[in-house]
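Q: Below is a structure I'd like to ask you about.
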Amino acid sequence: MKKLSARRRHPLAAVVVLLLALAATGGLYAAFAPASKAQADESAQSLAIEEGKKLYSVGCASCHGTGGQGTTDGPSLVGVGSAAVDFQVATGRMPAQQPGAQVPKKPVIYDQAQIDQLAAYVASLGPGPVTPTEKQYNPEGADIARGGDLWRTNCAQCHNFTGEGGALTKGKYAPSLEDSTPKQIYEAMQTGPQNMPSFPDTTMPEKEKKDIIAYVKSVNGDETPTPGGFALGGLGPVSEGLFGWIFGLGALIAVAIWVAAHTAKAKKS
């Protein structure tokens, strides 16, 4: 009878018993379940912060302090968020060549991966505006007319009616937006770089930001018509009026001198 029972026992019975034991103790899940996505994302974020800290120590700490607390040569970066870093570094404004009334745009020295790492490190210093996604700044389907109204109300005083920029006080200026990407324009509205006020979502919702981006791109496009003829770069009525006065009056004065000279010769003869 003992021999018959042994023959009837299934060869996988021991394996089933072992698996049941593992399941009862949680060992089966630990043995077969992959690492969670949250853990993977956390590890990647930690690595980005660590690499960003290295880049920061070399290119930023001399002005902004070893912990982002700021110095006499640069403001604190605590709480500026990843969007501010992405904007400043991706436009070449940072690292700055030297302090001044305003840091100009210049060639970019970091690639996008390094910029993301720098942004991750600075964002870890304190909460702030987050780098927008393409869905947030993509102007496709936006209301260009509404964007024009918002632009003239909030932006044209400094950046001009078509985003060509303009002079401010004490060596400051509003830069041209002709070559700015939708992402950079969105980030500028988020963070208020340098002399510009910030427009958070509580003040200017995401949809309105998209409308403004659509307007700027429509008036600065390669195929944008200029019904008035040569627009002098769209610099606006002050500069274009000054151009008219200088060259228009200059031409009138030249004609008057020519007429007077020929009239005097006619009287002598």
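Each chain of the structure tokens is named A, B, ... in the order shown, its residues numbered from 1; ligands are numbered from 1 in display order.
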Please run DSSP on the backbone and report, as a ChimeraX atom specification, all residues within range 60-184 of chain A that come out as alpha helix (DSSP H).
A: /A:61-64,81-90,112-124,134-137,144-154,156-159,182-184
Q: Within 9 Å of Thr191 in chain A, counting only C-alpha atoms, which residues qualify if same-chain residues fewer than 6 places away don't, as a list in words?
A: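 In the requested form, the answer reads Val80, Gly81, Ala83, Ala84, Phe87, Gly128, Pro129, Pro197, Ser198, Phe199 and Pro200 of chain A.
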Q: Please save N, CA, C and O atoms of the selected residues as a compact mmCIF listing (two decimals), in the first residue's frame.
A:
```
# COMPACT_ATOMS: atom_id res chain seq x y z
N VAL A 80 13.13 79.17 -7.27
CA VAL A 80 12.89 79.67 -8.63
C VAL A 80 12.29 78.58 -9.52
O VAL A 80 11.66 78.88 -10.54
N GLY A 81 12.51 77.31 -9.16
CA GLY A 81 11.91 76.21 -9.91
C GLY A 81 12.70 75.81 -11.14
O GLY A 81 13.60 76.52 -11.60
N ALA A 83 11.57 75.64 -14.21
CA ALA A 83 11.23 76.42 -15.41
C ALA A 83 12.19 77.58 -15.60
O ALA A 83 12.59 77.90 -16.72
N ALA A 84 12.57 78.25 -14.50
CA ALA A 84 13.48 79.38 -14.59
C ALA A 84 14.85 78.93 -15.07
O ALA A 84 15.49 79.60 -15.90
N PHE A 87 14.72 78.07 -18.81
CA PHE A 87 14.67 79.27 -19.65
C PHE A 87 16.03 79.96 -19.71
O PHE A 87 16.54 80.26 -20.79
N GLY A 128 9.03 75.58 -6.89
CA GLY A 128 8.88 76.73 -7.78
C GLY A 128 8.22 76.30 -9.07
O GLY A 128 7.82 75.14 -9.23
N PRO A 129 8.08 77.20 -10.05
CA PRO A 129 7.44 76.86 -11.33
C PRO A 129 8.14 75.68 -12.02
O PRO A 129 9.36 75.65 -12.11
N PRO A 197 7.69 91.06 -15.27
CA PRO A 197 6.83 90.52 -14.21
C PRO A 197 6.41 89.09 -14.55
O PRO A 197 6.41 88.69 -15.72
N SER A 198 6.11 88.32 -13.54
CA SER A 198 5.67 86.94 -13.77
C SER A 198 4.15 86.88 -13.90
O SER A 198 3.43 87.70 -13.33
N PHE A 199 3.69 85.90 -14.68
CA PHE A 199 2.25 85.68 -14.89
C PHE A 199 1.94 84.22 -14.58
O PHE A 199 1.80 83.40 -15.49
N PRO A 200 1.83 83.86 -13.30
CA PRO A 200 1.50 82.47 -12.95
C PRO A 200 0.10 82.11 -13.42
O PRO A 200 -0.68 82.98 -13.84
```
Q: Using only C-alpha atoms, which of the listed residues (A:Leu55, A:Ile49, A:Cys60, A:Leu150) sits closest to Tyr121 in chain A?
A: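 So, comparing all the options, the nearest one is A:Ile49.
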Q: Please run DSSP on the backbone and report, as number ranges by chain, all residues within range 18-195 of chain A that come out as strand (DSSP E).
A: A: 166-167, 173-174
Q: Near range 91-106 of chain A, within 12 Å and counting only C-alpha atoms, which residues show up once chain neighbours fewer than 6 positions away are dropped, as a PyMOL selection string?
A: chain A and resi 55-64+71-75+84-85+112+115+118+167-177+179-181+183-185+187-188+193-196
Q: Please save N, CA and C atoms of the selected residues as a compact mmCIF listing (two decimals), in the first residue's frame.
A:
```txt
# COMPACT_ATOMS: atom_id res chain seq x y z
N LEU A 55 27.29 69.82 -12.06
CA LEU A 55 27.33 70.89 -13.07
C LEU A 55 27.18 72.25 -12.41
N TYR A 56 26.31 72.33 -11.43
CA TYR A 56 26.08 73.58 -10.71
C TYR A 56 27.35 74.05 -10.01
N SER A 57 28.06 73.13 -9.38
CA SER A 57 29.27 73.49 -8.64
C SER A 57 30.32 74.10 -9.55
N VAL A 58 30.37 73.64 -10.80
CA VAL A 58 31.37 74.15 -11.74
C VAL A 58 30.94 75.45 -12.40
N GLY A 59 29.68 75.53 -12.83
CA GLY A 59 29.26 76.66 -13.65
C GLY A 59 28.42 77.73 -12.98
N CYS A 60 27.92 77.47 -11.76
CA CYS A 60 26.94 78.40 -11.17
C CYS A 60 27.27 78.85 -9.74
N ALA A 61 27.97 78.00 -8.99
CA ALA A 61 28.15 78.24 -7.56
C ALA A 61 28.94 79.51 -7.26
N SER A 62 29.83 79.91 -8.16
CA SER A 62 30.65 81.09 -7.90
C SER A 62 29.81 82.36 -7.78
N CYS A 63 28.67 82.40 -8.44
CA CYS A 63 27.79 83.58 -8.37
C CYS A 63 26.59 83.35 -7.46
N HIS A 64 26.02 82.16 -7.51
CA HIS A 64 24.77 81.90 -6.79
C HIS A 64 24.96 81.19 -5.45
N THR A 71 24.66 85.30 -3.73
CA THR A 71 25.79 86.09 -3.27
C THR A 71 25.60 87.52 -3.77
N THR A 72 26.61 88.35 -3.56
CA THR A 72 26.53 89.72 -4.07
C THR A 72 26.58 89.75 -5.59
N ASP A 73 27.03 88.66 -6.21
CA ASP A 73 27.13 88.60 -7.68
C ASP A 73 25.95 87.91 -8.33
N GLY A 74 25.08 87.28 -7.55
CA GLY A 74 23.95 86.57 -8.15
C GLY A 74 22.85 86.33 -7.12
N PRO A 75 21.59 86.32 -7.56
CA PRO A 75 20.47 86.15 -6.63
C PRO A 75 20.33 84.71 -6.14
N ALA A 84 12.57 78.25 -14.50
CA ALA A 84 13.48 79.38 -14.59
C ALA A 84 14.85 78.93 -15.07
N VAL A 85 15.32 77.79 -14.58
CA VAL A 85 16.63 77.28 -15.00
C VAL A 85 16.60 76.90 -16.47
N GLN A 112 20.60 69.68 -23.80
CA GLN A 112 19.32 69.64 -23.09
C GLN A 112 19.35 68.68 -21.90
N ILE A 115 20.93 70.53 -19.13
CA ILE A 115 20.01 71.57 -18.64
C ILE A 115 18.95 70.94 -17.73
N LEU A 118 20.58 70.26 -14.34
CA LEU A 118 20.71 71.50 -13.58
C LEU A 118 19.36 71.92 -13.01
N ALA A 167 13.66 99.50 -25.67
CA ALA A 167 14.53 99.97 -24.59
C ALA A 167 13.74 100.28 -23.34
N LEU A 168 14.36 100.02 -22.19
CA LEU A 168 13.80 100.38 -20.89
C LEU A 168 14.74 101.38 -20.23
N THR A 169 14.73 101.46 -18.92
CA THR A 169 15.56 102.45 -18.23
C THR A 169 16.85 101.82 -17.70
N LYS A 170 17.88 102.68 -17.50
CA LYS A 170 19.14 102.30 -16.84
C LYS A 170 19.81 101.09 -17.49
N GLY A 171 19.85 101.09 -18.81
CA GLY A 171 20.54 100.02 -19.54
C GLY A 171 19.75 98.74 -19.70
N LYS A 172 18.53 98.72 -19.26
CA LYS A 172 17.70 97.52 -19.40
C LYS A 172 16.92 97.57 -20.71
N TYR A 173 16.42 96.44 -21.14
CA TYR A 173 15.65 96.39 -22.38
C TYR A 173 14.76 95.16 -22.39
N ALA A 174 13.71 95.24 -23.17
CA ALA A 174 12.85 94.08 -23.41
C ALA A 174 13.34 93.41 -24.69
N PRO A 175 13.80 92.17 -24.62
CA PRO A 175 14.39 91.53 -25.80
C PRO A 175 13.37 91.19 -26.88
N SER A 176 13.86 91.04 -28.08
CA SER A 176 13.02 90.60 -29.18
C SER A 176 12.62 89.14 -28.97
N LEU A 177 11.40 88.81 -29.37
CA LEU A 177 10.90 87.44 -29.24
C LEU A 177 10.87 86.72 -30.59
N ASP A 179 13.04 85.05 -32.29
CA ASP A 179 13.64 83.72 -32.35
C ASP A 179 13.29 82.86 -31.13
N SER A 180 12.43 83.34 -30.28
CA SER A 180 12.07 82.58 -29.08
C SER A 180 11.11 81.44 -29.43
N THR A 181 11.29 80.31 -28.79
CA THR A 181 10.41 79.17 -29.00
C THR A 181 9.16 79.31 -28.14
N LYS A 183 8.07 77.27 -25.99
CA LYS A 183 8.42 76.85 -24.64
C LYS A 183 9.09 77.98 -23.87
N GLN A 184 10.00 78.70 -24.51
CA GLN A 184 10.70 79.79 -23.85
C GLN A 184 9.75 80.94 -23.50
N ILE A 185 8.81 81.24 -24.40
CA ILE A 185 7.84 82.30 -24.12
C ILE A 185 6.96 81.91 -22.93
N GLU A 187 7.73 79.83 -20.48
CA GLU A 187 8.54 79.86 -19.27
C GLU A 187 8.79 81.29 -18.80
N ALA A 188 8.98 82.21 -19.75
CA ALA A 188 9.18 83.60 -19.37
C ALA A 188 7.94 84.15 -18.66
N PRO A 193 11.55 86.52 -15.97
CA PRO A 193 13.01 86.69 -15.91
C PRO A 193 13.43 88.15 -15.92
N GLN A 194 14.47 88.45 -15.14
CA GLN A 194 15.11 89.76 -15.09
C GLN A 194 14.09 90.88 -14.81
N ASN A 195 13.78 91.73 -15.78
CA ASN A 195 12.92 92.89 -15.53
C ASN A 195 11.44 92.62 -15.81
N MET A 196 11.13 91.41 -16.22
CA MET A 196 9.76 91.10 -16.61
C MET A 196 8.94 90.62 -15.41
```
Q: Tell me which protein, DNA and RNA residues are within 12 Å of Asp211 in chain A, counting only C-alpha atoms, leaving out same-chain ones fewer than 6 positions away, and put them as a tab-separated table (two decimals) with N, CA and C atoms, in the first residue's frame.
A:
```
chain	number	residue	atom	x	y	z
A	136	GLN	N	1.26	71.96	-22.75
A	136	GLN	CA	0.96	73.25	-22.14
A	136	GLN	C	1.30	74.43	-23.05
A	137	TYR	N	2.41	74.36	-23.77
A	137	TYR	CA	2.83	75.53	-24.55
A	137	TYR	C	2.57	75.43	-26.05
A	138	ASN	N	2.10	74.30	-26.52
A	138	ASN	CA	1.81	74.15	-27.95
A	138	ASN	C	0.63	75.06	-28.34
A	139	PRO	N	0.85	76.04	-29.24
A	139	PRO	CA	-0.22	77.00	-29.55
A	139	PRO	C	-1.23	76.52	-30.58
A	140	GLU	N	-1.13	75.28	-31.00
A	140	GLU	CA	-2.05	74.77	-32.03
A	140	GLU	C	-3.50	74.89	-31.55
A	141	GLY	N	-4.33	75.53	-32.37
A	141	GLY	CA	-5.74	75.68	-32.04
A	141	GLY	C	-6.04	76.84	-31.11
A	142	ALA	N	-5.02	77.65	-30.77
A	142	ALA	CA	-5.24	78.77	-29.85
A	142	ALA	C	-5.93	79.93	-30.57
A	143	ASP	N	-6.47	80.86	-29.81
A	143	ASP	CA	-7.19	82.02	-30.34
A	143	ASP	C	-6.21	83.17	-30.54
A	144	ILE	N	-5.80	83.40	-31.78
A	144	ILE	CA	-4.79	84.42	-32.08
A	144	ILE	C	-5.32	85.82	-31.79
A	145	ALA	N	-6.58	86.07	-32.13
A	145	ALA	CA	-7.16	87.39	-31.89
A	145	ALA	C	-7.20	87.71	-30.40
A	146	ARG	N	-7.61	86.74	-29.60
A	146	ARG	CA	-7.63	86.91	-28.15
A	146	ARG	C	-6.20	87.11	-27.63
A	147	GLY	N	-5.27	86.38	-28.21
A	147	GLY	CA	-3.87	86.54	-27.83
A	147	GLY	C	-3.36	87.94	-28.11
A	148	GLY	N	-3.81	88.53	-29.24
A	148	GLY	CA	-3.42	89.90	-29.55
A	148	GLY	C	-3.94	90.88	-28.52
A	149	ASP	N	-5.18	90.69	-28.08
A	149	ASP	CA	-5.74	91.57	-27.05
A	149	ASP	C	-4.95	91.46	-25.75
A	150	LEU	N	-4.64	90.22	-25.36
A	150	LEU	CA	-3.87	90.01	-24.13
A	150	LEU	C	-2.46	90.59	-24.25
A	151	TRP	N	-1.87	90.44	-25.42
A	151	TRP	CA	-0.53	90.97	-25.66
A	151	TRP	C	-0.51	92.49	-25.53
A	182	PRO	N	8.08	78.60	-28.48
A	182	PRO	CA	6.88	78.63	-27.63
A	182	PRO	C	7.18	78.23	-26.18
A	185	ILE	N	8.81	81.24	-24.40
A	185	ILE	CA	7.84	82.30	-24.12
A	185	ILE	C	6.96	81.91	-22.93
A	186	TYR	N	6.54	80.65	-22.90
A	186	TYR	CA	5.70	80.17	-21.78
A	186	TYR	C	6.47	80.27	-20.47
A	204	MET	N	-2.68	84.42	-15.07
A	204	MET	CA	-2.91	84.21	-16.50
A	204	MET	C	-2.99	82.71	-16.75
A	205	PRO	N	-4.18	82.15	-16.94
A	205	PRO	CA	-4.33	80.71	-17.13
A	205	PRO	C	-3.56	80.19	-18.33
A	217	LYS	N	3.80	84.26	-32.52
A	217	LYS	CA	4.30	83.48	-33.64
A	217	LYS	C	3.64	83.89	-34.96
A	218	SER	N	2.40	84.34	-34.88
A	218	SER	CA	1.71	84.72	-36.12
A	218	SER	C	2.24	86.05	-36.67
```
